[in-house]
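Trainee: What follows is the file run_34.pdb, containing PDB, C-alpha atoms:
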ATOM      1  CA  MET A 278     -45.943  15.200 -32.035
ATOM      2  CA  THR A 279     -43.750  14.321 -34.953
ATOM      3  CA  LEU A 280     -41.569  11.232 -34.938
ATOM      4  CA  ARG A 281     -38.510  13.489 -34.912
ATOM      5  CA  GLY A 282     -39.785  15.308 -31.827
ATOM      6  CA  PHE A 283     -40.590  12.049 -30.066
ATOM      7  CA  LEU A 284     -37.111  10.714 -30.738
ATOM      8  CA  ALA A 285     -35.545  13.960 -29.504
ATOM      9  CA  ILE A 286     -37.461  13.798 -26.209
ATOM     10  CA  THR A 287     -36.597  10.113 -25.794
ATOM     11  CA  LEU A 288     -32.924  10.878 -26.338
ATOM     12  CA  LEU A 289     -33.052  13.776 -23.867
ATOM     13  CA  LEU A 290     -34.666  11.591 -21.206
ATOM     14  CA  ALA A 291     -32.047   8.890 -21.747
ATOM     15  CA  ILE A 292     -29.215  11.381 -21.481
ATOM     16  CA  THR A 293     -30.566  12.859 -18.249
ATOM     17  CA  SER A 294     -31.702   9.601 -16.633
ATOM     18  CA  PRO A 295     -30.411   9.179 -13.056
ATOM     19  CA  ALA A 296     -28.833   5.822 -13.903
ATOM     20  CA  LEU A 297     -26.871   7.314 -16.790
ATOM     21  CA  VAL A 298     -25.777  10.297 -14.690
ATOM     22  CA  ARG A 299     -24.530   7.939 -11.978
ATOM     23  CA  ALA A 300     -22.670   5.842 -14.551
ATOM     24  CA  GLN A 301     -21.018   8.944 -15.992
ATOM     25  CA  ALA A 302     -20.001  10.052 -12.501
ATOM     26  CA  ARG A 303     -18.366   6.668 -11.836
ATOM     27  CA  VAL A 304     -16.394   6.947 -15.063
ATOM     28  CA  GLN A 305     -15.191  10.431 -14.135
ATOM     29  CA  ARG A 306     -14.120   9.248 -10.684
ATOM     30  CA  LEU A 307     -11.553   6.945 -12.317
ATOM     31  CA  ALA A 308     -10.486   9.276 -15.114
ATOM     32  CA  PRO A 309      -6.747  10.044 -15.357
ATOM     33  CA  GLY A 310      -5.596  12.785 -13.001
ATOM     34  CA  GLU A 311      -5.947  13.842  -9.374
ATOM     35  CA  HIS A 312      -9.212  13.552  -7.468
ATOM     36  CA  HIS A 313     -10.743  13.940  -4.012
ATOM     37  CA  ALA A 314     -13.439  11.865  -2.325
ATOM     38  CA  THR A 315     -14.969  12.429   1.109
ATOM     39  CA  ILE A 316     -15.426   9.028   2.736
ATOM     40  CA  ASN A 317     -15.964   8.154   6.406
ATOM     41  CA  GLY A 318     -15.487  11.816   7.362
ATOM     42  CA  VAL A 319     -12.075  12.045   5.636
ATOM     43  CA  ARG A 320     -11.249  13.893   2.420
ATOM     44  CA  PHE A 321      -9.137  11.397   0.494
ATOM     45  CA  TRP A 322      -6.742  12.405  -2.255
ATOM     46  CA  TYR A 323      -6.155   9.925  -5.065
ATOM     47  CA  LYS A 324      -4.527   9.837  -8.469
ATOM     48  CA  VAL A 325      -5.276   7.715 -11.540
ATOM     49  CA  ALA A 326      -2.498   7.107 -14.077
ATOM     50  CA  GLY A 327      -1.761   4.646 -16.877
ATOM     51  CA  LYS A 328      -3.825   2.376 -19.129
ATOM     52  CA  GLY A 329      -4.983  -1.229 -18.908
ATOM     53  CA  HIS A 330      -6.448  -3.360 -16.130
ATOM     54  CA  LEU A 331      -7.305  -1.296 -13.055
ATOM     55  CA  LEU A 332      -4.869  -1.867 -10.176
ATOM     56  CA  VAL A 333      -5.382  -0.186  -6.795
ATOM     57  CA  VAL A 334      -2.159   0.602  -4.921
ATOM     58  CA  GLN A 335      -2.424   0.454  -1.132
ATOM     59  CA  ALA A 336       0.104   2.671   0.674
ATOM     60  CA  PRO A 337       1.156   2.263   4.332
ATOM     61  CA  GLY A 338      -1.014   4.029   6.879
ATOM     62  CA  TRP A 339       1.652   5.236   9.310
ATOM     63  CA  GLY A 340       2.326   8.576   7.634
ATOM     64  CA  ILE A 341       4.570   8.111   4.587
ATOM     65  CA  GLY A 342       1.739   8.466   2.063
ATOM     66  CA  SER A 343       1.742   7.184  -1.504
ATOM     67  CA  LEU A 344       4.326   9.405  -3.226
ATOM     68  CA  TYR A 345       7.155   6.863  -3.009
ATOM     69  CA  LEU A 346       4.862   4.320  -4.654
ATOM     70  CA  GLN A 347       3.696   6.747  -7.336
ATOM     71  CA  ASN A 348       7.310   7.266  -8.331
ATOM     72  CA  GLY A 349       8.621   3.753  -7.704
ATOM     73  CA  LEU A 350       5.789   1.874  -9.420
ATOM     74  CA  ALA A 351       5.490   4.269 -12.381
ATOM     75  CA  PRO A 352       6.757   1.593 -14.859
ATOM     76  CA  LEU A 353       3.538  -0.345 -14.188
ATOM     77  CA  GLU A 354       1.577   2.474 -15.842
ATOM     78  CA  LYS A 355       2.587   0.958 -19.192
ATOM     79  CA  HIS A 356       0.453  -2.069 -18.373
ATOM     80  CA  PHE A 357      -2.178  -0.973 -15.841
ATOM     81  CA  ARG A 358      -4.423   1.917 -14.881
ATOM     82  CA  LEU A 359      -3.075   2.553 -11.395
ATOM     83  CA  VAL A 360      -5.060   4.146  -8.582
ATOM     84  CA  PHE A 361      -2.836   5.603  -5.861
ATOM     85  CA  TYR A 362      -4.373   7.137  -2.759
ATOM     86  CA  ASP A 363      -3.100   8.644   0.463
ATOM     87  CA  PRO A 364      -4.516   6.904   3.553
ATOM     88  CA  ARG A 365      -6.249   8.978   6.204
ATOM     89  CA  GLY A 366      -3.883  11.350   7.974
ATOM     90  CA  SER A 367      -1.115  10.943   5.360
ATOM     91  CA  GLY A 368       0.049  12.884   2.319
ATOM     92  CA  ASN A 369      -2.732  14.986   0.815
ATOM     93  CA  SER A 370      -5.605  13.250   2.624
ATOM     94  CA  SER A 371      -7.147  14.841   5.693
ATOM     95  CA  ARG A 372      -7.099  13.660   9.291
ATOM     96  CA  PRO A 373     -10.121  12.198  11.061
ATOM     97  CA  GLU A 374     -11.411  14.339  13.906
ATOM     98  CA  ASP A 375     -11.051  11.413  16.325
ATOM     99  CA  GLU A 376      -7.472  10.095  16.628
ATOM    100  CA  ALA A 377      -8.882   6.708  17.651
ATOM    101  CA  ARG A 378     -10.048   6.331  14.041
ATOM    102  CA  MET A 379      -6.464   6.036  12.794
ATOM    103  CA  SER A 380      -6.423   2.263  13.286
ATOM    104  CA  THR A 381      -5.424  -0.182  10.580
ATOM    105  CA  ALA A 382      -8.886  -1.707  10.888
ATOM    106  CA  GLY A 383     -10.388   1.670   9.987
ATOM    107  CA  MET A 384      -8.088   1.924   6.973
ATOM    108  CA  VAL A 385      -9.304  -1.465   5.734
ATOM    109  CA  ASN A 386     -12.844  -0.085   5.947
ATOM    110  CA  ASP A 387     -11.739   3.060   4.073
ATOM    111  CA  LEU A 388     -10.544   0.914   1.180
ATOM    112  CA  ASP A 389     -13.912  -0.796   0.863
ATOM    113  CA  ARG A 390     -15.788   2.500   0.996
ATOM    114  CA  LEU A 391     -13.505   3.850  -1.720
ATOM    115  CA  ARG A 392     -14.151   0.715  -3.781
ATOM    116  CA  GLN A 393     -17.863   1.470  -3.556
ATOM    117  CA  TYR A 394     -17.293   5.138  -4.411
ATOM    118  CA  TRP A 395     -15.336   4.112  -7.516
ATOM    119  CA  GLY A 396     -18.199   1.806  -8.531
ATOM    120  CA  LEU A 397     -16.066  -1.345  -8.540
ATOM    121  CA  GLY A 398     -17.484  -4.758  -7.781
ATOM    122  CA  SER A 399     -14.032  -6.124  -6.980
ATOM    123  CA  LEU A 400     -10.398  -5.057  -7.029
ATOM    124  CA  ASN A 401      -6.998  -5.914  -8.319
ATOM    125  CA  LEU A 402      -4.954  -4.821  -5.313
ATOM    126  CA  ILE A 403      -1.254  -4.369  -4.559
ATOM    127  CA  GLY A 404       0.120  -3.351  -1.165
ATOM    128  CA  HIS A 405       3.615  -2.749   0.197
ATOM    129  CA  SER A 406       4.856  -3.135   3.800
ATOM    130  CA  HIS A 407       2.118  -1.865   6.149
ATOM    131  CA  GLY A 408       0.132  -1.211   2.983
ATOM    132  CA  GLY A 409       0.531  -4.932   2.364
ATOM    133  CA  ALA A 410      -0.948  -5.573   5.802
ATOM    134  CA  ILE A 411      -3.967  -3.407   4.936
ATOM    135  CA  ALA A 412      -4.348  -5.205   1.593
ATOM    136  CA  LEU A 413      -4.034  -8.625   3.253
ATOM    137  CA  ASP A 414      -6.517  -7.656   5.970
ATOM    138  CA  TYR A 415      -8.861  -6.517   3.215
ATOM    139  CA  GLY A 416      -8.474  -9.860   1.450
ATOM    140  CA  VAL A 417      -9.415 -11.627   4.682
ATOM    141  CA  ARG A 418     -12.359  -9.403   5.628
ATOM    142  CA  TYR A 419     -13.701  -8.749   2.113
ATOM    143  CA  SER A 420     -12.628 -11.944   0.393
ATOM    144  CA  ALA A 421     -15.274 -11.670  -2.346
ATOM    145  CA  ARG A 422     -14.119  -8.171  -3.285
ATOM    146  CA  VAL A 423     -10.565  -9.017  -4.427
ATOM    147  CA  ARG A 424      -9.735 -10.744  -7.709
ATOM    148  CA  ASN A 425      -5.941 -10.482  -7.674
ATOM    149  CA  LEU A 426      -3.853  -9.638  -4.611
ATOM    150  CA  VAL A 427      -0.158  -8.742  -4.759
ATOM    151  CA  LEU A 428       1.652  -8.481  -1.421
ATOM    152  CA  VAL A 429       5.081  -6.847  -1.553
ATOM    153  CA  ASP A 430       7.251  -7.340   1.561
ATOM    154  CA  ALA A 431       4.023  -7.268   3.539
ATOM    155  CA  GLU A 432       3.359  -7.233   7.257
ATOM    156  CA  ILE A 433       0.863  -9.615   8.837
ATOM    157  CA  SER A 434      -1.338  -7.754  11.291
ATOM    158  CA  GLY A 435      -1.060  -9.216  14.781
ATOM    159  CA  TYR A 436       1.624 -11.753  13.872
ATOM    160  CA  ASP A 437       4.463 -11.891  16.414
ATOM    161  CA  ASP A 438       7.580 -11.933  14.233
ATOM    162  CA  ARG A 439       9.848 -10.157  16.730
ATOM    163  CA  GLY A 440      12.125 -13.175  16.955
ATOM    164  CA  ALA A 441      12.673 -13.222  13.190
ATOM    165  CA  ILE A 442      13.282  -9.465  13.119
ATOM    166  CA  LYS A 443      15.815  -9.685  15.945
ATOM    167  CA  LYS A 444      17.610 -12.485  14.127
ATOM    168  CA  GLU A 445      17.811 -10.375  10.970
ATOM    169  CA  LEU A 446      19.166  -7.394  12.908
ATOM    170  CA  ASP A 447      21.736  -9.500  14.741
ATOM    171  CA  THR A 448      23.213 -10.733  11.466
ATOM    172  CA  ARG A 449      23.939  -7.097  10.522
ATOM    173  CA  ARG A 450      25.280  -5.725  13.820
ATOM    174  CA  ASN A 451      28.924  -6.156  12.863
ATOM    175  CA  ASP A 452      28.453  -4.564   9.443
ATOM    176  CA  LYS A 453      29.519  -0.909   9.549
ATOM    177  CA  ARG A 454      27.120  -0.050   6.739
ATOM    178  CA  PHE A 455      24.234  -0.632   9.134
ATOM    179  CA  SER A 456      25.633   0.498  12.511
ATOM    180  CA  GLU A 457      23.898   3.906  12.621
ATOM    181  CA  ALA A 458      20.642   2.426  11.362
ATOM    182  CA  ILE A 459      20.627  -0.340  13.975
ATOM    183  CA  ALA A 460      21.402   2.209  16.701
ATOM    184  CA  GLU A 461      18.336   4.171  15.556
ATOM    185  CA  VAL A 462      16.183   1.036  15.664
ATOM    186  CA  ASP A 463      17.450   0.259  19.154
ATOM    187  CA  ARG A 464      16.526   3.769  20.342
ATOM    188  CA  ASN A 465      12.926   3.112  19.254
ATOM    189  CA  THR A 466      12.051   6.821  19.339
ATOM    190  CA  MET A 467       8.493   7.948  18.648
ATOM    191  CA  PRO A 468       8.851  11.144  16.557
ATOM    192  CA  LYS A 469       7.303  14.385  17.788
ATOM    193  CA  THR A 470       7.633  16.414  14.585
ATOM    194  CA  ASP A 471       7.639  15.648  10.887
ATOM    195  CA  GLU A 472      11.217  16.900  10.540
ATOM    196  CA  GLU A 473      12.351  14.640  13.371
ATOM    197  CA  PHE A 474      10.530  11.743  11.733
ATOM    198  CA  ARG A 475      12.281  12.378   8.424
ATOM    199  CA  GLY A 476      15.644  12.317  10.194
ATOM    200  CA  ILE A 477      14.839   9.027  11.948
ATOM    201  CA  LEU A 478      13.794   7.391   8.689
ATOM    202  CA  ALA A 479      16.866   8.717   6.879
ATOM    203  CA  ARG A 480      19.166   7.161   9.483
ATOM    204  CA  MET A 481      17.297   3.844   9.313
ATOM    205  CA  LEU A 482      17.125   3.580   5.510
ATOM    206  CA  PRO A 483      20.346   1.589   4.940
ATOM    207  CA  LEU A 484      18.829  -1.341   6.815
ATOM    208  CA  TYR A 485      16.109  -1.648   4.213
ATOM    209  CA  PHE A 486      18.490  -2.564   1.389
ATOM    210  CA  TYR A 487      20.929  -5.274   0.424
ATOM    211  CA  ASP A 488      23.180  -2.612  -1.136
ATOM    212  CA  PRO A 489      22.465   0.645   0.722
ATOM    213  CA  PHE A 490      25.163   2.725  -0.992
ATOM    214  CA  GLN A 491      23.570   2.195  -4.376
ATOM    215  CA  SER A 492      19.901   2.014  -3.406
ATOM    216  CA  VAL A 493      19.313   4.577  -0.638
ATOM    217  CA  PRO A 494      19.843   7.564  -2.973
ATOM    218  CA  ILE A 495      17.271   6.147  -5.402
ATOM    219  CA  LEU A 496      14.585   5.933  -2.734
ATOM    220  CA  GLN A 497      15.448   9.355  -1.327
ATOM    221  CA  LYS A 498      15.129  10.872  -4.790
ATOM    222  CA  ASN A 499      11.666   9.360  -5.208
ATOM    223  CA  SER A 500      10.302  10.252  -1.743
ATOM    224  CA  LEU A 501      10.046  14.011  -1.591
ATOM    225  CA  ASN A 502       7.265  14.455   0.958
ATOM    226  CA  LEU A 503       7.570  14.834   4.709
ATOM    227  CA  PRO A 504       6.292  11.841   6.682
ATOM    228  CA  SER A 505       3.579  12.567   9.236
ATOM    229  CA  ALA A 506       4.690  12.088  12.837
ATOM    230  CA  TRP A 507       1.061  12.583  13.866
ATOM    231  CA  ALA A 508      -0.103   9.692  11.660
ATOM    232  CA  CYS A 509       2.649   7.462  13.036
ATOM    233  CA  ARG A 510       1.798   8.179  16.682
ATOM    234  CA  THR A 511      -1.952   7.895  16.237
ATOM    235  CA  ASN A 512      -1.810   4.747  14.096
ATOM    236  CA  VAL A 513       0.351   2.971  16.674
ATOM    237  CA  ALA A 514      -1.902   4.108  19.545
ATOM    238  CA  ALA A 515      -5.129   3.224  17.712
ATOM    239  CA  ASP A 516      -3.846  -0.258  16.822
ATOM    240  CA  ARG A 517      -2.980  -0.891  20.441
ATOM    241  CA  ARG A 518      -6.561  -0.044  21.395
ATOM    242  CA  ASN A 519      -8.126  -1.822  18.421
ATOM    243  CA  PRO A 520      -5.725  -4.577  17.335
ATOM    244  CA  ILE A 521      -6.140  -6.829  14.310
ATOM    245  CA  ASN A 522      -4.776 -10.353  14.256
ATOM    246  CA  VAL A 523      -5.259 -12.101  10.936
ATOM    247  CA  SER A 524      -2.384 -14.559  11.313
ATOM    248  CA  ASN A 525      -4.814 -17.427  11.923
ATOM    249  CA  GLU A 526      -7.346 -16.243   9.314
ATOM    250  CA  LEU A 527      -5.200 -16.187   6.189
ATOM    251  CA  GLY A 528      -7.074 -19.185   4.821
ATOM    252  CA  ARG A 529     -10.081 -16.912   4.292
ATOM    253  CA  VAL A 530      -8.324 -15.144   1.398
ATOM    254  CA  ARG A 531      -9.939 -16.226  -1.871
ATOM    255  CA  ALA A 532      -8.104 -13.942  -4.295
ATOM    256  CA  ARG A 533      -5.370 -15.143  -6.611
ATOM    257  CA  THR A 534      -2.399 -14.101  -4.511
ATOM    258  CA  LEU A 535       1.191 -13.272  -5.358
ATOM    259  CA  VAL A 536       3.620 -12.896  -2.440
ATOM    260  CA  LEU A 537       6.841 -11.004  -3.214
ATOM    261  CA  VAL A 538       9.718 -10.502  -0.756
ATOM    262  CA  GLY A 539      13.386  -9.563  -0.715
ATOM    263  CA  ARG A 540      15.710 -12.157   0.788
ATOM    264  CA  GLU A 541      17.468  -9.448   2.850
ATOM    265  CA  ASP A 542      14.331  -7.757   4.196
ATOM    266  CA  TRP A 543      14.698  -7.408   7.973
ATOM    267  CA  ILE A 544      11.441  -5.643   8.877
ATOM    268  CA  CYS A 545       9.090  -7.922   6.876
ATOM    269  CA  PRO A 546      11.301 -11.020   6.746
ATOM    270  CA  VAL A 547      11.046 -13.960   4.397
ATOM    271  CA  SER A 548       9.476 -16.032   7.180
ATOM    272  CA  ASP A 549       6.430 -13.698   7.091
ATOM    273  CA  ALA A 550       6.053 -14.180   3.354
ATOM    274  CA  GLU A 551       6.409 -17.939   3.762
ATOM    275  CA  ARG A 552       3.670 -17.891   6.408
ATOM    276  CA  ILE A 553       1.308 -16.087   4.026
ATOM    277  CA  HIS A 554       2.187 -18.451   1.187
ATOM    278  CA  ALA A 555       1.616 -21.524   3.350
ATOM    279  CA  ASP A 556      -1.812 -20.377   4.563
ATOM    280  CA  VAL A 557      -3.275 -18.725   1.455
ATOM    281  CA  ASP A 558      -4.454 -21.506  -0.800
ATOM    282  CA  GLY A 559      -2.943 -21.467  -4.276
ATOM    283  CA  SER A 560      -0.723 -18.463  -3.632
ATOM    284  CA  LYS A 561       2.572 -17.955  -5.446
ATOM    285  CA  LEU A 562       5.757 -16.953  -3.598
ATOM    286  CA  VAL A 563       8.684 -15.163  -5.259
ATOM    287  CA  ILE A 564      11.843 -14.390  -3.264
ATOM    288  CA  PHE A 565      14.240 -11.846  -4.768
ATOM    289  CA  GLU A 566      17.865 -12.584  -3.972
ATOM    290  CA  LYS A 567      20.278  -9.782  -2.963
ATOM    291  CA  CYS A 568      17.269  -7.577  -2.303
ATOM    292  CA  GLY A 569      15.753  -5.848   0.708
ATOM    293  CA  HIS A 570      12.422  -4.132   1.442
ATOM    294  CA  PHE A 571      12.050  -2.346  -1.915
ATOM    295  CA  PRO A 572      12.298  -4.910  -4.726
ATOM    296  CA  TRP A 573      11.352  -2.455  -7.484
ATOM    297  CA  ILE A 574      14.638  -0.675  -6.672
ATOM    298  CA  GLU A 575      16.993  -3.626  -6.137
ATOM    299  CA  SER A 576      15.365  -6.251  -8.412
ATOM    300  CA  PRO A 577      13.390  -4.086 -10.858
ATOM    301  CA  GLN A 578      13.276  -6.407 -13.855
ATOM    302  CA  ASP A 579      12.168  -9.451 -11.874
ATOM    303  CA  PHE A 580       9.756  -7.408  -9.786
ATOM    304  CA  PHE A 581       7.922  -5.724 -12.657
ATOM    305  CA  ASP A 582       7.888  -8.922 -14.721
ATOM    306  CA  SER A 583       6.360 -10.799 -11.776
ATOM    307  CA  VAL A 584       3.587  -8.256 -11.245
ATOM    308  CA  THR A 585       2.678  -7.727 -14.895
ATOM    309  CA  SER A 586       2.601 -11.416 -15.756
ATOM    310  CA  PHE A 587       0.503 -12.228 -12.668
ATOM    311  CA  ILE A 588      -2.144  -9.513 -13.045
ATOM    312  CA  GLY A 589      -2.187  -9.875 -16.824
ATOM    313  CA  GLN A 590      -3.157 -13.548 -16.724
TER     314      GLN A 590
END
Translate the structure described by the file into structure tokens.

Mentor:
Amino acid sequence: MTLRGFLAITLLLAITSPALVRAQARVQRLAPGEHHATINGVRFWYKVAGKGHLLVVQAPGWGIGSLYLQNGLAPLEKHFRLVFYDPRGSGNSSRPEDEARMSTAGMVNDLDRLRQYWGLGSLNLIGHSHGGAIALDYGVRYSARVRNLVLVDAEISGYDDRGAIKKELDTRRNDKRFSEAIAEVDRNTMPKTDEEFRGILARMLPLYFYDPFQSVPILQKNSLNLPSAWACRTNVAADRRNPINVSNELGRVRARTLVLVGREDWICPVSDAERIHADVDGSKLVIFEKCGHFPWIESPQDFFDSVTSFIGQ
């Protein structure tokens, strides 16, 4: 065999080696665009957009999906390669066959299986609202797998903050801007259809903002998908059967942690953020004044500056 032939065979073997094929597959799984991955019996939809440090975006698991985050967090694509995905039962991802598998605990496990599928040793992770709860739970359970954790108006799984929520609602009861929204909260209706769910959320939206007249139309414009009433019902039921309580385990988080919250957030109040900040060693807390549950809408400059400077360090 000639030297040229030997080199050609060596190159061919290298190109077709199983390790190289696996590495190429991992690269393709995080290439820009839309993808699907079947994990834990669910076909997950995810989208990769932007350039820079990889940042996984955790959406809530109760049926709203990731579209509002894809649109709302789009300015971060200038600085990061963002990975958005729809949790099980939401958006473009499929439902598990067993409704009992719609628990928040199961969604935390989904995130780790996706991390493995993407070939990542650890994550930069940002989560909002119930997505923040999933991200925080992940930071507790898989502490070695998170480098940077950003919690935006996040819930704390199992933490009884009903007193703080009631206090926030009571301060708004005499404000006509919020009267219909508070009446909807008081009804506490579990939606039966997606259309009914959309109507409930639309009536509640003013409560989520400091300035609802200006901000509600912005969120509505950026949230075009129907929420899933099925995901909402099954997530609530599954969490009742399989509850998580991490409120006394927050000290297990080892990631660099940034806690962001709007001063006027009623559903994930400042006291929740302060609890996380107090218990997560070395965490940083930023409170946005004149801002509710969606700081990228009501405090965009401060919000995006906070996230980019923190992850970019």

Trainee: May I have the protein, DNA and RNA residues with an atom at most 12 Å from (3.1, 11.1, 6.3), counting only C-alpha atoms in the file's coordinates, returned as a VMD selection string?

Mentor: chain A and resid 336 to 345 363 to 372 468 470 to 472 474 to 475 478 500 to 512

Trainee: Spell out the residues picked by the PyMOL selection byres ((chain A and resi 518) around 12) here, as a list in words.

Mentor: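 Matching residues under the PyMOL selection byres ((chain A and resi 518) around 12) are Glu376, Ala377, Arg378, Met379, Ser380, Thr381, Ala382, Thr511, Asn512, Val513, Ala514, Ala515, Asp516, Arg517, Asn519, Pro520 and Ile521 of chain A.
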
Trainee: CA of Lys328 in chain A and CA of Leu307 in chain A are how many Å apart?

Mentor: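 Spanning CA of Lys328 in chain A to CA of Leu307 in chain A is a straight-line distance of 11.3 Å.
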
Trainee: Take every atom of range 493-500 of chain A listed in the file, pad by 6 Å on each side, and give me the axis-aligned box centre and edge lengths in Å, one decimal, as lines of an AutoDock Vina configuration file.

Mentor:
center_x = 15.1
center_y = 7.7
center_z = -3.0
size_x = 21.5
size_y = 18.3
size_z = 16.8

Trainee: Just give me the gap between CA of Pro572 in chain A and CA of Ile588 in chain A in Å, one decimal is fine.

Mentor: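 Rounded to one decimal, the two atoms are 17.3 Å apart.
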
Trainee: Counting only C-alpha atoms, figure out which residue out of A:Glu575, A:Asp582, A:Asp437, A:Asp463 gets nearest to Pro546 in chain A.

Mentor: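 Between A:Glu575, A:Asp582, A:Asp437, A:Asp463, the residue approaching Pro546 in chain A most closely is A:Asp437.
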
Trainee: So that I can check the surroundings of Asp438 in chain A, please list as number ranges by chain every protein, DNA and RNA residue that reaches within 8 Å of it, counting all atoms listed in the file and ignoring chain neighbours fewer than 3 positions away.

Mentor: A: 441-442, 549

Trainee: Using all atoms listed in the file, what does the table of range 474-555 of chain A residues within 12 Å of range 561-566 of chain A look like, with each row giving the shortest atom pair and its distance in Å to one decimal, sorted by chain and ascending number, as a tab-separated table?

Mentor:
residue	atom	partner	partner_atom	distance
A:Phe486	CA	A:Glu566	CA	11.4
A:Tyr487	CA	A:Glu566	CA	9.1
A:Asp488	CA	A:Glu566	CA	11.7
A:Ala532	CA	A:Lys561	CA	11.5
A:Arg533	CA	A:Lys561	CA	8.5
A:Thr534	CA	A:Lys561	CA	6.4
A:Leu535	CA	A:Lys561	CA	4.9
A:Val536	CA	A:Leu562	CA	4.7
A:Leu537	CA	A:Val563	CA	5.0
A:Val538	CA	A:Ile564	CA	5.1
A:Gly539	CA	A:Phe565	CA	4.7
A:Arg540	CA	A:Glu566	CA	5.2
A:Glu541	CA	A:Glu566	CA	7.5
A:Asp542	CA	A:Phe565	CA	9.9
A:Pro546	CA	A:Ile564	CA	10.6
A:Val547	CA	A:Ile564	CA	7.7
A:Ser548	CA	A:Ile564	CA	10.8
A:Asp549	CA	A:Leu562	CA	11.2
A:Ala550	CA	A:Leu562	CA	7.5
A:Glu551	CA	A:Leu562	CA	7.5
A:Arg552	CA	A:Leu562	CA	10.3
A:Ile553	CA	A:Leu562	CA	8.9
A:His554	CA	A:Leu562	CA	6.2
A:Ala555	CA	A:Leu562	CA	9.3

Trainee: Tell me which of A:Gln497, A:Ser434, A:Arg480, A:Arg320 sits closest to Ala458 in chain A, counting only C-alpha atoms.

Mentor: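 That would be A:Arg480, the residue with the smallest distance to Ala458 in chain A.
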
Trainee: I need the residue set behind the PyMOL selection byres ((chain A and resi 362) around 6) for this file; please write it as a PDB file with C-alpha atoms, in the frame of the given file.

Mentor:
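To be explicit, this is the file written out as result_0.pdb:
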ATOM      1  CA  TRP A 322      -6.742  12.405  -2.255  1.00  0.00           C
ATOM      2  CA  TYR A 323      -6.155   9.925  -5.065  1.00  0.00           C
ATOM      3  CA  PHE A 361      -2.836   5.603  -5.861  1.00  0.00           C
ATOM      4  CA  ASP A 363      -3.100   8.644   0.463  1.00  0.00           C
TER       5      ASP A 363
END

Trainee: At what distance in Å, to one decimal, does CA of Pro373 in chain A lie from CA of Ser399 in chain A?

Mentor: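 Taking CA of Ser399 in chain A and CA of Pro373 in chain A, their separation equals 26.0 Å.
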
Trainee: Quick one: residues within 10 Å of range 406-414 of chain A, all atoms listed in the file, excluding same-chain residues fewer than 2 positions away - as a PyMOL selection string?

Mentor: chain A and resi 333-339+342-343+364+381-386+388+402-404+416-420+423+426-435+521-524+526-527+530+534+536+538+544-545+553+570-571
